[in-house]
Amino acid sequence: MDIATLKATCTQVRRDIINMTADAGSGHPGGSLSCVEIVTALFFDKMNVDPKNPKKEDRDRFVLSKGHASPCYYAVLGERGFFDKSEFTKFRQLHSFLQGHPDVKKCPGVDASTGSLGQGISISVGMAIGAKMKKSNIKVYTVIGDGESQEGQVWEASMAAAHYKLDNLTVFLDYNGLQIDGSNDDVMSLGDIHAKFEAFGYNIIEVSDGNDIEQILAAINAPIVTGKPKMIIAHTVKGKGVSFMENNFGWHGKAPNAEERAIALKELEVL
């Protein structure tokens, strides 16, 4: 897919996120909007997946470790054709397969149930180990949050990724600097996150603008370092694309009302 079409897809995904959370009256728009380019680039340009056969054995795997950003995940899956987009209106509704956090047993295209922070990256490490044991060419991709990186389980999984030389694993850090209670630095500073993850054994690629899909694609396609998992630190903007949500932690877990939805959709008109 060409860059212009990918950018237009990202804009539509953002519109879907706004509509889903507004329809539900709940959800997490801020951190969903920040990781749009990452998830879109993977599903529309990089990953070996088939919407008509979501469980095909040789597919690449994707795990949204920051599972509360499910509106982004669902929007990308719907736009990619894994299910009918009419399902978006049922987000967070009883009996819908589009629950507040991804459910592998219900939602087409979802490879792991996530939501308890720290567990998704651990699941991804297990998937990557399994692929190695089977001598499979499957690649595993996961997105973690910077607030999530305050969880010890993230670091335990990272030690394992390096120990088992998982060069079939790519971890994205959606580094938007904010979490539900404020800035990461105020709540629990991550310090020099680049140096820390590098010390844990990752091949680090830092992306200055994680909401620039060309930069994201360049990082995804950068050469693999044999025997080392890849960590892409993507500097993003929480609430990206909606002026009153950008860099505002108050939109971590609050849905837009009717007036706010209209303003957001106006700003996200597909040209």
# chains A, B, ... in the order shown; residues from 1 in each chain; ligands from 1
>>> select_by_dssp(residues="region 2-247 of chain A", states="alpha helix (DSSP H)", output="PyMOL selection string")
chain A and resi 3-24+29-34+36-41+70-80+119-133+152-163+184-188+193-199+213-220
>>> closest_residue(among="A:Thr5, A:Ser158, A:Thr170, A:Gln119", to="Leu42 (chain A)", atoms="only C-alpha atoms")
A:Thr170
>>> residues_around(residues="Val143 (chain A)", least_positions_apart="6", cutoff="10 Å", atoms="only C-alpha atoms", output="VMD selection string")
chain A and resid 35 38 to 39 62 to 67 69 120 to 121 124 170 to 174 231 to 232
>>> residues_around(residues="His95 (chain A)", least_positions_apart="6", cutoff="12 Å", atoms="only C-alpha atoms", output="PyMOL selection string")
chain A and resi 87+103+106-107
>>> closest_residue(among="A:Thr114, A:Thr11, A:Ser70, A:Asn203", to="Leu98 (chain A)", atoms="only C-alpha atoms")
A:Ser70
>>> residues_around(residues="region 176-186 of chain A", least_positions_apart="5", cutoff="10 Å", atoms="only C-alpha atoms", output="PyMOL selection string")
chain A and resi 28+30-31+34-35+145-150+191+210+234-240+246-253
>>> closest_residue(among="A:Ala255, A:Glu269, A:Pro54, A:Ala41", to="Ile18 (chain A)", atoms="only C-alpha atoms")
A:Ala255
>>> atom_distance(atom1="CA of Gly115 (chain A)", atom2="CA of Ile144 (chain A)")
10.9 Å
>>> atom_distance(atom1="CA of Glu156 (chain A)", atom2="CA of Val110 (chain A)")
23.8 Å
>>> residues_around(residues="Gly130 (chain A)", least_positions_apart="2", cutoff="12 Å", atoms="only C-alpha atoms", output="ChimeraX atom specification")
/A:61,123-128,132-140,164,166,168-169
